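Colleague: Just one file: protein-v6.cif, with mmCIF, C-alpha atoms.
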```
data_my_file
loop_
_atom_site.label_atom_id
_atom_site.label_comp_id
_atom_site.auth_asym_id
_atom_site.auth_seq_id
_atom_site.Cartn_x
_atom_site.Cartn_y
_atom_site.Cartn_z
CA MET Q 1 5.80 17.41 -10.89
CA GLN Q 2 5.12 14.22 -12.79
CA ILE Q 3 6.22 11.02 -11.13
CA GLN Q 4 5.02 7.44 -11.40
CA VAL Q 5 5.13 4.62 -8.93
CA SER Q 6 4.84 0.94 -9.63
CA VAL Q 7 4.39 -1.89 -7.17
CA SER Q 8 5.36 -4.60 -9.63
CA ASP Q 9 9.11 -4.51 -8.99
CA GLY Q 10 9.12 -4.74 -5.19
CA VAL Q 11 10.97 -1.45 -4.55
CA PRO Q 12 9.26 0.33 -1.63
CA ILE Q 13 7.07 3.17 -2.88
CA TYR Q 14 8.72 5.84 -0.72
CA HIS Q 15 12.07 4.89 -2.31
CA GLN Q 16 10.60 5.34 -5.76
CA ILE Q 17 9.31 8.80 -4.82
CA ILE Q 18 12.69 9.82 -3.37
CA SER Q 19 14.69 8.70 -6.38
CA GLN Q 20 12.32 10.32 -8.86
CA VAL Q 21 12.35 13.66 -7.01
CA ARG Q 22 16.15 13.51 -7.01
CA TYR Q 23 16.10 12.78 -10.72
CA LEU Q 24 13.73 15.67 -11.45
CA ILE Q 25 16.03 18.03 -9.54
CA ALA Q 26 19.14 16.72 -11.30
CA ALA Q 27 17.42 17.11 -14.66
CA GLY Q 28 16.40 20.68 -13.82
CA ARG Q 29 12.71 19.90 -14.05
CA LEU Q 30 12.42 20.93 -10.41
CA GLN Q 31 14.26 24.19 -9.72
CA PRO Q 32 15.78 25.33 -6.40
CA GLY Q 33 13.08 27.15 -4.44
CA GLU Q 34 10.26 25.42 -6.30
CA GLU Q 35 7.45 24.03 -4.18
CA LEU Q 36 6.69 20.31 -4.13
CA PRO Q 37 3.00 19.32 -4.18
CA PRO Q 38 1.40 19.04 -0.72
CA ILE Q 39 1.54 15.52 0.73
CA ARG Q 40 -2.15 14.87 0.35
CA VAL Q 41 -2.25 16.10 -3.25
CA LEU Q 42 0.63 13.86 -4.31
CA ALA Q 43 -0.89 10.94 -2.37
CA GLU Q 44 -4.15 11.28 -4.31
CA GLN Q 45 -2.33 11.78 -7.61
CA LEU Q 46 -0.30 8.59 -7.13
CA THR Q 47 -3.07 6.75 -5.22
CA VAL Q 48 -0.68 5.91 -2.41
CA ASN Q 49 -0.93 6.27 1.35
CA PRO Q 50 -0.26 9.86 2.52
CA ASN Q 51 2.07 8.47 5.20
CA THR Q 52 4.25 7.06 2.42
CA VAL Q 53 4.57 10.47 0.76
CA ALA Q 54 5.22 12.05 4.17
CA ARG Q 55 8.02 9.57 4.76
CA ALA Q 56 9.62 10.25 1.36
CA TYR Q 57 9.49 14.02 1.98
CA LEU Q 58 10.97 13.55 5.46
CA GLU Q 59 13.91 11.55 4.10
CA LEU Q 60 14.46 14.09 1.31
CA GLU Q 61 14.48 16.77 4.00
CA HIS Q 62 16.99 14.84 6.13
CA ALA Q 63 19.22 14.52 3.07
CA GLY Q 64 19.06 18.29 2.62
CA ILE Q 65 17.43 18.00 -0.79
CA VAL Q 66 14.23 19.76 0.19
CA THR Q 67 13.41 22.20 2.96
CA LYS Q 68 10.22 22.37 4.93
CA ARG Q 69 8.93 25.83 5.79
CA HIS Q 70 6.62 25.99 8.76
CA GLY Q 71 2.98 26.49 8.00
CA SER Q 72 3.76 26.60 4.32
CA GLY Q 73 5.08 23.71 2.28
CA THR Q 74 8.04 21.72 1.07
CA TYR Q 75 10.52 23.39 -1.29
CA VAL Q 76 13.54 22.29 -3.27
CA SER Q 77 16.60 23.46 -1.29
CA GLU Q 78 18.36 26.59 -2.54
CA ALA Q 79 21.79 25.43 -1.49
CA ARG Q 80 23.47 22.53 -3.18
CA SER Q 81 23.36 19.50 -0.92
CA SER Q 82 25.91 19.71 1.85
CA ILE Q 83 27.06 16.07 1.81
CA SER Q 84 30.82 15.63 1.94
CA GLN Q 85 32.96 14.65 -1.02
CA ARG Q 86 33.73 11.32 0.63
CA GLU Q 87 30.03 10.61 1.11
CA LYS Q 88 29.34 11.49 -2.53
CA THR Q 89 32.10 9.17 -3.74
CA LYS Q 90 30.73 6.40 -1.57
CA ILE Q 91 27.23 6.75 -2.98
CA LEU Q 92 28.43 6.86 -6.58
CA ALA Q 93 31.03 4.08 -6.27
CA LYS Q 94 28.25 1.54 -5.72
CA ARG Q 95 26.46 2.60 -8.89
CA VAL Q 96 29.69 2.66 -10.87
CA ASP Q 97 30.55 -0.88 -9.73
CA ALA Q 98 27.17 -2.14 -10.89
CA LEU Q 99 27.59 -0.35 -14.22
CA LEU Q 100 31.09 -1.78 -14.77
CA ALA Q 101 29.94 -5.29 -13.93
CA GLU Q 102 27.09 -4.99 -16.43
CA ALA Q 103 29.47 -3.59 -19.08
CA ARG Q 104 31.89 -6.46 -18.56
CA HIS Q 105 29.06 -8.99 -18.95
CA LEU Q 106 28.03 -7.36 -22.19
CA ASP Q 107 31.64 -7.14 -23.43
CA VAL Q 108 31.54 -3.36 -23.64
CA GLU Q 109 34.94 -1.62 -23.41
CA LEU Q 110 35.56 1.00 -20.72
CA ASN Q 111 36.06 3.68 -23.39
CA GLU Q 112 32.61 2.90 -24.76
CA VAL Q 113 31.08 3.24 -21.29
CA ILE Q 114 32.76 6.62 -20.77
CA LYS Q 115 31.54 7.78 -24.16
CA LEU Q 116 28.00 6.69 -23.25
CA LEU Q 117 28.20 8.59 -19.94
CA ARG Q 118 29.12 11.77 -21.84
CA GLU Q 119 26.28 11.25 -24.29
CA ARG Q 120 23.74 10.73 -21.53
CA GLU Q 121 24.90 13.85 -19.75
CA GLN Q 122 24.35 15.76 -22.96
CA VAL Q 123 20.78 14.42 -23.13
CA MET Q 124 20.14 15.39 -19.52
CA ASN Q 125 21.45 18.90 -20.15
CA GLU Q 126 19.25 19.27 -23.18
CA GLU Q 127 16.20 18.19 -21.18
CA ALA Q 128 17.10 20.69 -18.48
CA THR Q 129 17.18 23.62 -20.91
CA LYS Q 130 13.91 22.71 -22.63
CA MET O 1 -1.08 18.08 8.49
CA LYS O 2 -0.10 15.39 10.93
CA PHE O 3 0.26 11.72 10.24
CA PRO O 4 0.44 10.02 13.62
CA SER O 5 2.64 6.98 13.75
CA PRO O 6 0.20 4.08 13.84
CA SER O 7 2.49 1.99 16.06
CA SER O 8 2.27 4.47 18.91
CA ALA O 9 -1.44 5.19 18.58
CA GLU O 10 -4.18 3.29 20.33
CA ALA O 11 -6.06 0.53 18.56
CA VAL O 12 -9.44 1.22 16.96
CA VAL O 13 -10.10 -2.51 16.58
CA SER O 14 -8.60 -5.15 18.88
CA ILE O 15 -9.17 -8.79 18.15
CA ALA O 16 -7.70 -11.40 20.46
CA ASN O 17 -7.63 -15.16 19.87
CA LEU O 18 -10.80 -15.14 17.80
CA SER O 19 -11.93 -18.52 16.48
CA ARG O 20 -15.09 -19.31 14.56
CA ARG O 21 -16.57 -22.52 13.21
CA PHE O 22 -19.48 -22.98 10.85
CA GLY O 23 -20.51 -26.59 11.38
CA SER O 24 -17.38 -28.67 11.06
CA LYS O 25 -15.48 -26.00 9.11
CA THR O 26 -13.08 -23.75 11.03
CA VAL O 27 -13.31 -20.37 9.31
CA LEU O 28 -11.22 -18.33 11.76
CA ASN O 29 -8.50 -19.95 13.80
CA ASP O 30 -6.97 -18.05 16.74
CA VAL O 31 -6.92 -14.68 14.99
CA SER O 32 -5.37 -11.74 16.85
CA LEU O 33 -4.86 -8.30 15.36
CA HIS O 34 -4.90 -4.62 16.27
CA VAL O 35 -5.88 -1.84 13.92
CA PRO O 36 -4.04 1.36 14.90
CA ARG O 37 -5.84 4.70 14.68
CA GLY O 38 -5.10 7.01 11.78
CA GLY O 39 -3.81 4.54 9.23
CA VAL O 40 -4.90 2.18 6.51
CA PHE O 41 -5.05 -1.46 7.52
CA GLY O 42 -5.12 -3.92 4.66
CA LEU O 43 -6.47 -7.43 5.11
CA VAL O 44 -5.10 -9.75 2.45
CA GLY O 45 -6.22 -13.23 1.59
CA GLU O 46 -7.66 -15.34 -1.18
CA ASN O 47 -11.42 -15.84 -1.54
CA GLY O 48 -12.74 -18.02 1.28
CA ALA O 49 -9.80 -17.27 3.60
CA GLY O 50 -12.12 -15.83 6.26
CA LYS O 51 -11.90 -12.08 5.51
CA THR O 52 -15.65 -11.41 5.40
CA THR O 53 -16.28 -13.48 8.54
CA LEU O 54 -13.66 -11.39 10.33
CA ILE O 55 -15.31 -8.15 9.17
CA LYS O 56 -18.74 -9.40 10.31
CA HIS O 57 -17.28 -9.80 13.80
CA ILE O 58 -16.03 -6.20 13.75
CA LEU O 59 -19.52 -5.03 12.75
CA GLY O 60 -21.09 -7.08 15.53
CA LEU O 61 -23.08 -9.16 13.02
CA LEU O 62 -21.43 -12.26 14.47
CA ARG O 63 -20.81 -12.88 18.15
CA ALA O 64 -17.29 -13.93 19.13
CA GLU O 65 -17.70 -17.57 20.19
CA LEU O 66 -14.08 -17.93 21.24
CA GLY O 67 -11.82 -14.95 21.91
CA SER O 68 -12.76 -11.29 21.99
CA VAL O 69 -13.52 -8.42 19.61
CA ARG O 70 -13.39 -4.79 20.75
CA VAL O 71 -14.17 -1.82 18.52
CA PHE O 72 -13.48 1.68 19.95
CA ASP O 73 -12.94 -0.33 23.13
CA LEU O 74 -16.61 -1.39 23.03
CA ASN O 75 -18.26 -4.73 22.39
CA PRO O 76 -19.91 -4.40 18.95
CA VAL O 77 -22.48 -7.12 19.75
CA SER O 78 -23.77 -5.69 23.04
CA ASP O 79 -23.35 -2.03 22.05
CA PRO O 80 -24.26 -1.92 18.34
CA VAL O 81 -25.63 1.65 18.31
CA SER O 82 -22.47 3.26 19.68
CA VAL O 83 -20.24 1.17 17.44
CA LEU O 84 -22.11 1.24 14.13
CA GLY O 85 -22.74 5.00 14.34
CA ARG O 86 -18.99 5.55 14.12
CA ILE O 87 -18.34 3.07 11.29
CA GLY O 88 -18.85 3.52 7.56
CA TYR O 89 -19.27 0.15 5.89
CA LEU O 90 -19.19 -0.91 2.27
CA SER O 91 -19.79 -4.56 1.53
CA GLU O 92 -18.64 -6.47 -1.51
CA GLN O 93 -22.18 -6.38 -2.90
CA PRO O 94 -23.84 -3.23 -1.57
CA ASP O 95 -27.38 -4.16 -0.59
CA LEU O 96 -29.25 -1.01 -1.60
CA PRO O 97 -33.03 -0.70 -2.12
CA GLY O 98 -33.39 -0.71 -5.91
CA TRP O 99 -36.68 1.22 -6.01
CA MET O 100 -35.12 4.33 -4.45
CA CYS O 101 -33.61 7.22 -6.38
CA VAL O 102 -30.12 8.44 -5.49
CA ASP O 103 -31.43 11.46 -3.55
CA GLU O 104 -33.94 9.25 -1.68
CA LEU O 105 -31.06 6.99 -0.69
CA LEU O 106 -29.19 10.00 0.71
CA ARG O 107 -32.21 11.16 2.76
CA TYR O 108 -32.85 7.58 3.94
CA SER O 109 -29.24 7.00 4.99
CA ARG O 110 -29.06 10.37 6.67
CA ALA O 111 -31.74 9.29 9.17
CA PHE O 112 -29.42 6.60 10.54
CA TYR O 113 -26.48 8.88 11.24
CA PRO O 114 -26.72 11.90 13.55
CA LYS O 115 -23.38 13.10 12.19
CA TRP O 116 -24.41 12.95 8.52
CA ASP O 117 -22.81 15.86 6.63
CA ALA O 118 -25.27 16.82 3.88
CA ALA O 119 -22.89 19.26 2.19
CA TYR O 120 -20.16 16.61 2.05
CA ALA O 121 -22.65 14.05 0.73
CA GLU O 122 -23.57 16.47 -2.06
CA THR O 123 -19.89 17.07 -2.91
CA LEU O 124 -19.32 13.34 -3.13
CA ARG O 125 -22.44 12.83 -5.24
CA GLU O 126 -21.20 15.37 -7.77
CA GLN O 127 -17.69 14.00 -7.70
CA PHE O 128 -18.95 10.48 -8.35
CA GLY O 129 -21.21 11.73 -11.15
CA LEU O 130 -24.39 10.24 -9.65
CA ASN O 131 -27.67 11.61 -10.99
CA PRO O 132 -29.97 12.41 -8.00
CA THR O 133 -33.16 11.32 -9.78
CA GLN O 134 -31.85 8.03 -11.13
CA ARG O 135 -33.27 4.81 -9.68
CA LEU O 136 -30.71 2.58 -7.94
CA SER O 137 -32.00 -0.45 -9.86
CA THR O 138 -30.83 1.19 -13.10
CA LEU O 139 -27.30 2.01 -11.88
CA SER O 140 -24.29 0.13 -13.23
CA LYS O 141 -22.20 -2.02 -10.89
CA GLY O 142 -19.58 0.75 -10.66
CA GLN O 143 -22.19 3.44 -9.93
CA LEU O 144 -23.77 1.23 -7.26
CA ALA O 145 -20.38 0.83 -5.61
CA LYS O 146 -19.98 4.62 -5.66
CA ALA O 147 -23.46 5.08 -4.14
CA GLY O 148 -22.51 2.57 -1.44
CA LEU O 149 -19.22 4.37 -0.84
CA LEU O 150 -21.05 7.69 -0.58
CA THR O 151 -23.41 6.44 2.14
CA ALA O 152 -20.46 4.82 3.96
CA GLN O 153 -18.48 8.07 3.97
CA ALA O 154 -20.94 10.95 4.33
CA HIS O 155 -21.10 10.83 8.13
CA ARG O 156 -17.29 11.08 8.24
CA PRO O 157 -16.92 7.82 10.16
CA GLU O 158 -13.98 7.28 12.50
CA LEU O 159 -13.54 3.88 10.90
CA LEU O 160 -14.19 3.20 7.23
CA LEU O 161 -14.63 -0.53 6.71
CA LEU O 162 -14.47 -1.82 3.15
CA ASP O 163 -14.97 -5.48 2.32
CA GLU O 164 -13.44 -6.27 -1.08
CA PRO O 165 -14.49 -2.84 -2.35
CA SER O 166 -12.96 -3.22 -5.81
CA SER O 167 -14.16 -6.70 -6.51
CA GLY O 168 -15.34 -6.92 -10.11
CA LEU O 169 -15.07 -3.18 -10.76
CA ASP O 170 -13.31 -1.43 -13.60
CA PRO O 171 -10.01 0.42 -12.97
CA LEU O 172 -11.64 3.88 -12.94
CA VAL O 173 -14.09 3.00 -10.17
CA ARG O 174 -11.31 1.21 -8.28
CA ARG O 175 -9.30 4.40 -8.44
CA ASP O 176 -12.24 6.41 -7.02
CA ILE O 177 -12.44 3.95 -4.14
CA LEU O 178 -8.71 4.14 -3.41
CA GLU O 179 -8.86 7.94 -3.52
CA ALA O 180 -11.69 7.83 -0.98
CA VAL O 181 -9.46 5.68 1.23
CA ILE O 182 -6.61 8.18 0.92
CA ARG O 183 -8.84 11.17 1.58
CA THR O 184 -10.23 9.47 4.67
CA VAL O 185 -6.85 9.01 6.33
CA ALA O 186 -5.53 12.38 5.13
CA ASP O 187 -8.57 14.04 6.77
CA GLU O 188 -8.39 14.29 10.54
CA GLY O 189 -6.50 11.03 10.88
CA ARG O 190 -9.47 8.72 10.51
CA THR O 191 -8.92 4.98 10.08
CA VAL O 192 -9.54 2.65 7.17
CA PHE O 193 -9.78 -1.13 7.33
CA PHE O 194 -10.13 -2.80 3.98
CA SER O 195 -9.93 -6.30 2.66
CA SER O 196 -8.79 -7.22 -0.80
CA HIS O 197 -7.26 -10.00 -2.79
CA LEU O 198 -5.66 -7.36 -5.04
CA LEU O 199 -2.21 -7.13 -3.52
CA GLU O 200 -1.24 -4.19 -5.69
CA GLU O 201 -3.98 -2.06 -4.09
CA ILE O 202 -3.06 -3.20 -0.62
CA GLU O 203 0.60 -2.37 -1.23
CA ARG O 204 -0.19 1.10 -2.54
CA VAL O 205 -2.37 2.36 0.25
CA SER O 206 -1.76 0.35 3.44
CA ASP O 207 0.37 1.21 6.48
CA HIS O 208 -0.35 -2.09 8.19
CA ILE O 209 -1.35 -5.41 6.73
CA ALA O 210 -2.48 -8.81 7.90
CA MET O 211 -2.30 -11.83 5.62
CA VAL O 212 -4.98 -14.41 6.30
CA HIS O 213 -4.74 -17.90 4.90
CA GLN O 214 -7.23 -20.67 5.68
CA GLY O 215 -8.54 -18.80 8.70
CA ARG O 216 -5.14 -18.08 10.23
CA ILE O 217 -3.07 -14.90 10.27
CA VAL O 218 0.19 -15.92 8.61
CA LEU O 219 1.80 -12.46 8.68
CA CYS O 220 0.82 -9.21 10.40
CA GLY O 221 2.63 -5.92 10.86
CA SER O 222 3.73 -2.62 9.37
CA LEU O 223 4.04 -2.82 5.61
CA ASP O 224 7.36 -0.95 5.66
CA GLU O 225 8.85 -3.40 8.13
CA ILE O 226 7.52 -6.40 6.26
CA LYS O 227 8.96 -5.07 3.00
CA GLN O 228 12.27 -4.30 4.68
CA GLN O 229 12.64 -7.68 6.37
CA HIS O 230 11.92 -9.84 3.35
CA ARG O 231 14.54 -10.37 0.66
CA GLN O 232 14.52 -12.53 -2.40
CA PHE O 233 17.94 -13.99 -3.20
CA THR O 234 19.03 -15.89 -6.26
CA LEU O 235 21.73 -18.47 -5.62
CA HIS O 236 23.95 -19.73 -8.39
CA PHE O 237 25.56 -23.16 -8.01
CA GLU O 238 28.55 -24.26 -10.06
CA THR O 239 26.80 -27.52 -10.87
CA ALA O 240 23.12 -28.31 -11.36
CA GLN O 241 21.37 -29.37 -8.15
CA ALA O 242 19.03 -32.34 -8.29
CA LYS O 243 16.95 -31.13 -5.37
CA ALA O 244 16.35 -27.86 -3.52
CA PRO O 245 19.15 -26.81 -1.17
CA ILE O 246 18.31 -26.83 2.53
CA ILE O 247 18.67 -23.39 4.06
CA ALA O 248 17.76 -22.75 7.67
CA GLY O 249 15.39 -19.82 8.09
CA ALA O 250 14.33 -19.69 4.42
CA LEU O 251 10.60 -19.18 3.93
CA SER O 252 10.54 -20.73 0.52
CA ILE O 253 13.00 -22.14 -1.98
CA SER O 254 12.19 -22.63 -5.62
CA GLY O 255 14.08 -23.17 -8.82
CA ASN O 256 15.94 -25.86 -10.66
CA GLY O 257 19.39 -26.74 -12.01
CA LYS O 258 22.03 -24.16 -11.16
CA GLU O 259 19.82 -21.30 -10.02
CA TRP O 260 17.50 -21.24 -7.02
CA SER O 261 15.41 -18.43 -5.51
CA VAL O 262 15.32 -18.14 -1.75
CA MET O 263 12.93 -15.94 0.21
CA CYS O 264 14.25 -14.89 3.61
CA ASN O 265 12.62 -13.03 6.45
CA GLY O 266 15.26 -11.21 8.47
CA ALA O 267 18.37 -13.35 7.94
CA ARG O 268 19.64 -11.32 4.96
CA ASN O 269 23.15 -10.75 6.29
CA GLN O 270 23.88 -14.40 6.94
CA LEU O 271 22.76 -15.61 3.52
CA PRO O 272 25.96 -15.00 1.49
CA GLU O 273 27.87 -17.01 4.09
CA ILE O 274 25.31 -19.83 4.14
CA ALA O 275 25.38 -19.89 0.33
CA ALA O 276 29.16 -20.07 0.27
CA GLY O 277 28.97 -23.03 2.65
CA LEU O 278 26.75 -24.82 0.14
CA GLY O 279 29.08 -24.02 -2.75
CA ALA O 280 26.86 -21.31 -4.22
CA ARG O 281 27.09 -17.56 -4.61
CA VAL O 282 24.40 -14.90 -4.38
CA VAL O 283 23.89 -13.45 -7.86
CA ASP O 284 20.78 -11.39 -7.14
CA ASP O 285 19.34 -9.78 -4.04
CA ARG O 286 16.16 -7.76 -4.36
CA ALA O 287 13.05 -6.57 -2.57
CA PRO O 288 10.18 -9.01 -3.24
CA THR O 289 6.68 -7.85 -4.10
CA LEU O 290 3.89 -8.33 -1.61
CA ASN O 291 2.53 -11.11 -3.80
CA GLU O 292 5.83 -12.99 -3.60
CA ILE O 293 5.87 -12.53 0.17
CA PHE O 294 2.32 -13.85 0.42
CA VAL O 295 3.16 -16.88 -1.70
CA ALA O 296 6.18 -17.62 0.49
CA HIS O 297 4.07 -17.51 3.67
CA ALA O 298 0.91 -19.17 2.44
CA GLY O 299 2.47 -21.60 0.00
CA THR O 300 -0.16 -20.52 -2.50
CA SER O 301 -0.75 -17.62 -4.83
CA ILE O 302 -3.52 -15.07 -4.97
CA SER O 303 -4.94 -14.40 -8.37
CA ASN O 304 -4.26 -10.80 -9.29
CA GLN O 305 -7.37 -10.68 -11.40
CA PRO O 306 -10.47 -9.09 -9.95
CA SER O 307 -13.05 -11.80 -9.38
#
```
Show me this structure written as structure tokens.

Modeller:
Amino acid sequence: MQIQVSVSDGVPIYHQIISQVRYLIAAGRLQPGEELPPIRVLAEQLTVNPNTVARAYLELEHAGIVTKRHGSGTYVSEARSSISQREKTKILAKRVDALLAEARHLDVELNEVIKLLREREQVMNEEATK
Amino acid sequence: MKFPSPSSAEAVVSIANLSRRFGSKTVLNDVSLHVPRGGVFGLVGENGAGKTTLIKHILGLLRAELGSVRVFDLNPVSDPVSVLGRIGYLSEQPDLPGWMCVDELLRYSRAFYPKWDAAYAETLREQFGLNPTQRLSTLSKGQLAKAGLLTAQAHRPELLLLDEPSSGLDPLVRRDILEAVIRTVADEGRTVFFSSHLLEEIERVSDHIAMVHQGRIVLCGSLDEIKQQHRQFTLHFETAQAKAPIIAGALSISGNGKEWSVMCNGARNQLPEIAAGLGARVVDDRAPTLNEIFVAHAGTSISNQPS
């Protein structure tokens, strides 16, 4: 699992870990059932406080993205996340709004944005099958 | 592995209302802080802010003239043996006898610490790539720092105390030092207290921080909470403003013309309303870096370059 954290943009480190793990799962680079590195190993790899990694793992666990097995480790959940459709829409709507605002600023037509979304999905799929 | 919540744990170091003067200069001014067990406590401040003086009080090298210092609930000045035996200390310039070889240093240091772990010392020596027969006087600055770190760690101290450990060192040695910090807290929940003017390091590895500026603590608390409470807003005015807008509760306001940056501590929900009242709108709202937070509190910047 290769992730990078940076402290130059102000985003809390545990947030960066959470979003990158989510990305790796979405891109298929982390498969369901795959084990995440132990807290202390990832902490040393990233040179960050182990408590920070522990907190990121805990929040990923609360979100149902990973599962902790007692006396063993932390694994990517087998089941697709169980968040409701409404919850999913709510999470995505925020991102979509930001994207649309940016597109409007740059004078990019909605059709162009949709086309770009399709292209990016293609890229993500290709990365997943590599 | 357990990572106890530092807020609920007892304090390893408790400093209350500590003041210190050298001649007419006040070096520490009413400093109070508590270092919780099992975490990394980062002390931030520019050179000359009083960090080393504070650390010397924890080590019992200076007597508290005003206020009190307790370490493991003991007085480090009247009970130095019990306190120092449980601390591993690395100073900014490790003062090691240059005529000794690396393995002589290990045997010499071992005599001071009943809990010295020879096997662990050997593991660290290999890991740090230190040649046992090399004289200390011929070591590079980075190797000397590693030798100092080794002797500070090999008795598995309850409290690892590092005073500007990365000062003047290259990134690879700095990384070794940070890894040692991480290993220390990951192992058996021991505690690390380290001072640095490199805010990036502090932000990476600390649970708790204290910012010291001109002998005073200007901000102290859990790093997560501090990061969560502070927000940096950008306000956009329809017309250029000749002088900075006045915003109650803002820590700092900077900018010019139509756009101004405002750092807030806490009052993030009220800001859009306050801005609207001034005829401005919030065009950006982001988490500030620790450096920006420090600047807002101290009114001055810390150089991010190692000295």

Colleague: Please, what is the axis-aligned box for every listed atom of region 259-278 of chain O with 3 Å on each side, as centre and edge lengths in Å to one decimal, as lines of an AutoDock Vina configuration file?

Modeller:
```
center_x = 20.9
center_y = -17.8
center_z = -0.8
size_x = 22.5
size_y = 20.1
size_z = 24.5
```

Colleague: Step by step, work through what the PyMOL selection byres ((chain O) within 7 of (chain Q)) selects in the shown file, and finish by giving those residues as a ChimeraX atom specification.

Modeller: /O:3,178-179,182,186,200,204-206,287-289

Colleague: Please determine, counting all atoms listed in the file, which residue among Q:Asn125, Q:Ser77, Q:Thr89, Q:Asn111 has the shortest atom-to-atom distance to Glu34 (chain Q).

Modeller: Q:Ser77

Colleague: Find the spatial neighbours of His297 (chain O), counting only C-alpha atoms, within a cut-off of 8 Å - ignore same-chain residues fewer than 5 positions away - and output them as a PyMOL selection string.

Modeller: chain O and resi 218-219+251-252

Colleague: Selected residues, C-alpha atoms, written as a PDB file, in the coordinates of the input, please.

Modeller:
```pdb
ATOM      1  CA  VAL O 218       0.190 -15.920   8.610  1.00  0.00           C
ATOM      2  CA  LEU O 219       1.800 -12.460   8.680  1.00  0.00           C
ATOM      3  CA  LEU O 251      10.600 -19.180   3.930  1.00  0.00           C
ATOM      4  CA  SER O 252      10.540 -20.730   0.520  1.00  0.00           C
TER       5      SER O 252
END
```

Colleague: Any idea what's packed within 7 Å of Ile18 (chain Q), counting only C-alpha atoms, ignoring anything in its chain fewer than 3 positions away? Could you give it as a PyMOL selection string?

Modeller: chain Q and resi 14-15+21-22+56+60

Colleague: Could you please determine the separation between CA of Pro97 (chain O) and CA of Ser109 (chain O) in Å, to one decimal place?

Modeller: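 About the pair CA of Pro97 (chain O) and CA of Ser109 (chain O): they are 11.1 Å apart.
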
Colleague: Evaluate the PyMOL selection byres ((chain O and resi 176) around 10) against this structure - the residues, as a PDB file with C-alpha atoms, in the coordinates of the input, please.

Modeller:
```
ATOM      1  CA  GLU Q  44      -4.150  11.280  -4.310  1.00  0.00           C
ATOM      2  CA  THR Q  47      -3.070   6.750  -5.220  1.00  0.00           C
TER       3      THR Q  47
ATOM      4  CA  GLN O 127     -17.690  14.000  -7.700  1.00  0.00           C
ATOM      5  CA  PHE O 128     -18.950  10.480  -8.350  1.00  0.00           C
ATOM      6  CA  GLY O 142     -19.580   0.750 -10.660  1.00  0.00           C
ATOM      7  CA  ALA O 145     -20.380   0.830  -5.610  1.00  0.00           C
ATOM      8  CA  LYS O 146     -19.980   4.620  -5.660  1.00  0.00           C
ATOM      9  CA  LEU O 149     -19.220   4.370  -0.840  1.00  0.00           C
ATOM     10  CA  SER O 166     -12.960  -3.220  -5.810  1.00  0.00           C
ATOM     11  CA  PRO O 171     -10.010   0.420 -12.970  1.00  0.00           C
ATOM     12  CA  LEU O 172     -11.640   3.880 -12.940  1.00  0.00           C
ATOM     13  CA  VAL O 173     -14.090   3.000 -10.170  1.00  0.00           C
ATOM     14  CA  ARG O 174     -11.310   1.210  -8.280  1.00  0.00           C
ATOM     15  CA  ARG O 175      -9.300   4.400  -8.440  1.00  0.00           C
ATOM     16  CA  ILE O 177     -12.440   3.950  -4.140  1.00  0.00           C
ATOM     17  CA  LEU O 178      -8.710   4.140  -3.410  1.00  0.00           C
ATOM     18  CA  GLU O 179      -8.860   7.940  -3.520  1.00  0.00           C
ATOM     19  CA  ALA O 180     -11.690   7.830  -0.980  1.00  0.00           C
ATOM     20  CA  VAL O 181      -9.460   5.680   1.230  1.00  0.00           C
ATOM     21  CA  ILE O 182      -6.610   8.180   0.920  1.00  0.00           C
TER      22      ILE O 182
END
```

Colleague: Using the chain letters and numbers from this file, what does the PyMOL selection byres ((chain O and resi 112) around 12) select? Give the answer as an NGL selection string.

Modeller: :O and (81-82 or 84-88 or 105-111 or 113-116 or 151-152 or 154-155)

Colleague: Rounded to one decimal, what separation in Å do you get between CA of Val13 (chain O) and CA of Lys51 (chain O)?

Modeller: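 Here the two named atoms are 14.7 Å from each other.
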
Colleague: Counting only C-alpha atoms, what is within 7 Å of Asp285 (chain O), bar same-chain residues fewer than 6 positions away, as number ranges by chain?

Modeller: O: 231-234

Colleague: Filtering to C-alpha atoms, could you give me those residues as a PDB file, keeping the file's coordinate frame?

Modeller:
```pdb
ATOM      1  CA  ARG O 231      14.540 -10.370   0.660  1.00  0.00           C
ATOM      2  CA  GLN O 232      14.520 -12.530  -2.400  1.00  0.00           C
ATOM      3  CA  PHE O 233      17.940 -13.990  -3.200  1.00  0.00           C
ATOM      4  CA  THR O 234      19.030 -15.890  -6.260  1.00  0.00           C
TER       5      THR O 234
END
```

Colleague: By how many Å are CA of Ser196 (chain O) and CA of Glu164 (chain O) apart?

Modeller: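 Going from CA of Ser196 (chain O) over to CA of Glu164 (chain O) covers 4.8 Å.
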
Colleague: I want to know what sits within 10 Å of Glu112 (chain Q), based on all atoms listed in the file, with residues of the same chain fewer than 5 positions away left out; could you give that as an mmCIF file with C-alpha atoms, in the frame of the given file?

Modeller:
```cif
data_model
loop_
_atom_site.group_PDB
_atom_site.id
_atom_site.type_symbol
_atom_site.label_atom_id
_atom_site.label_comp_id
_atom_site.auth_asym_id
_atom_site.auth_seq_id
_atom_site.Cartn_x
_atom_site.Cartn_y
_atom_site.Cartn_z
ATOM 1 C CA ALA Q 103 29.470 -3.590 -19.080
ATOM 2 C CA LEU Q 117 28.200 8.590 -19.940
ATOM 3 C CA ARG Q 118 29.120 11.770 -21.840
#
```
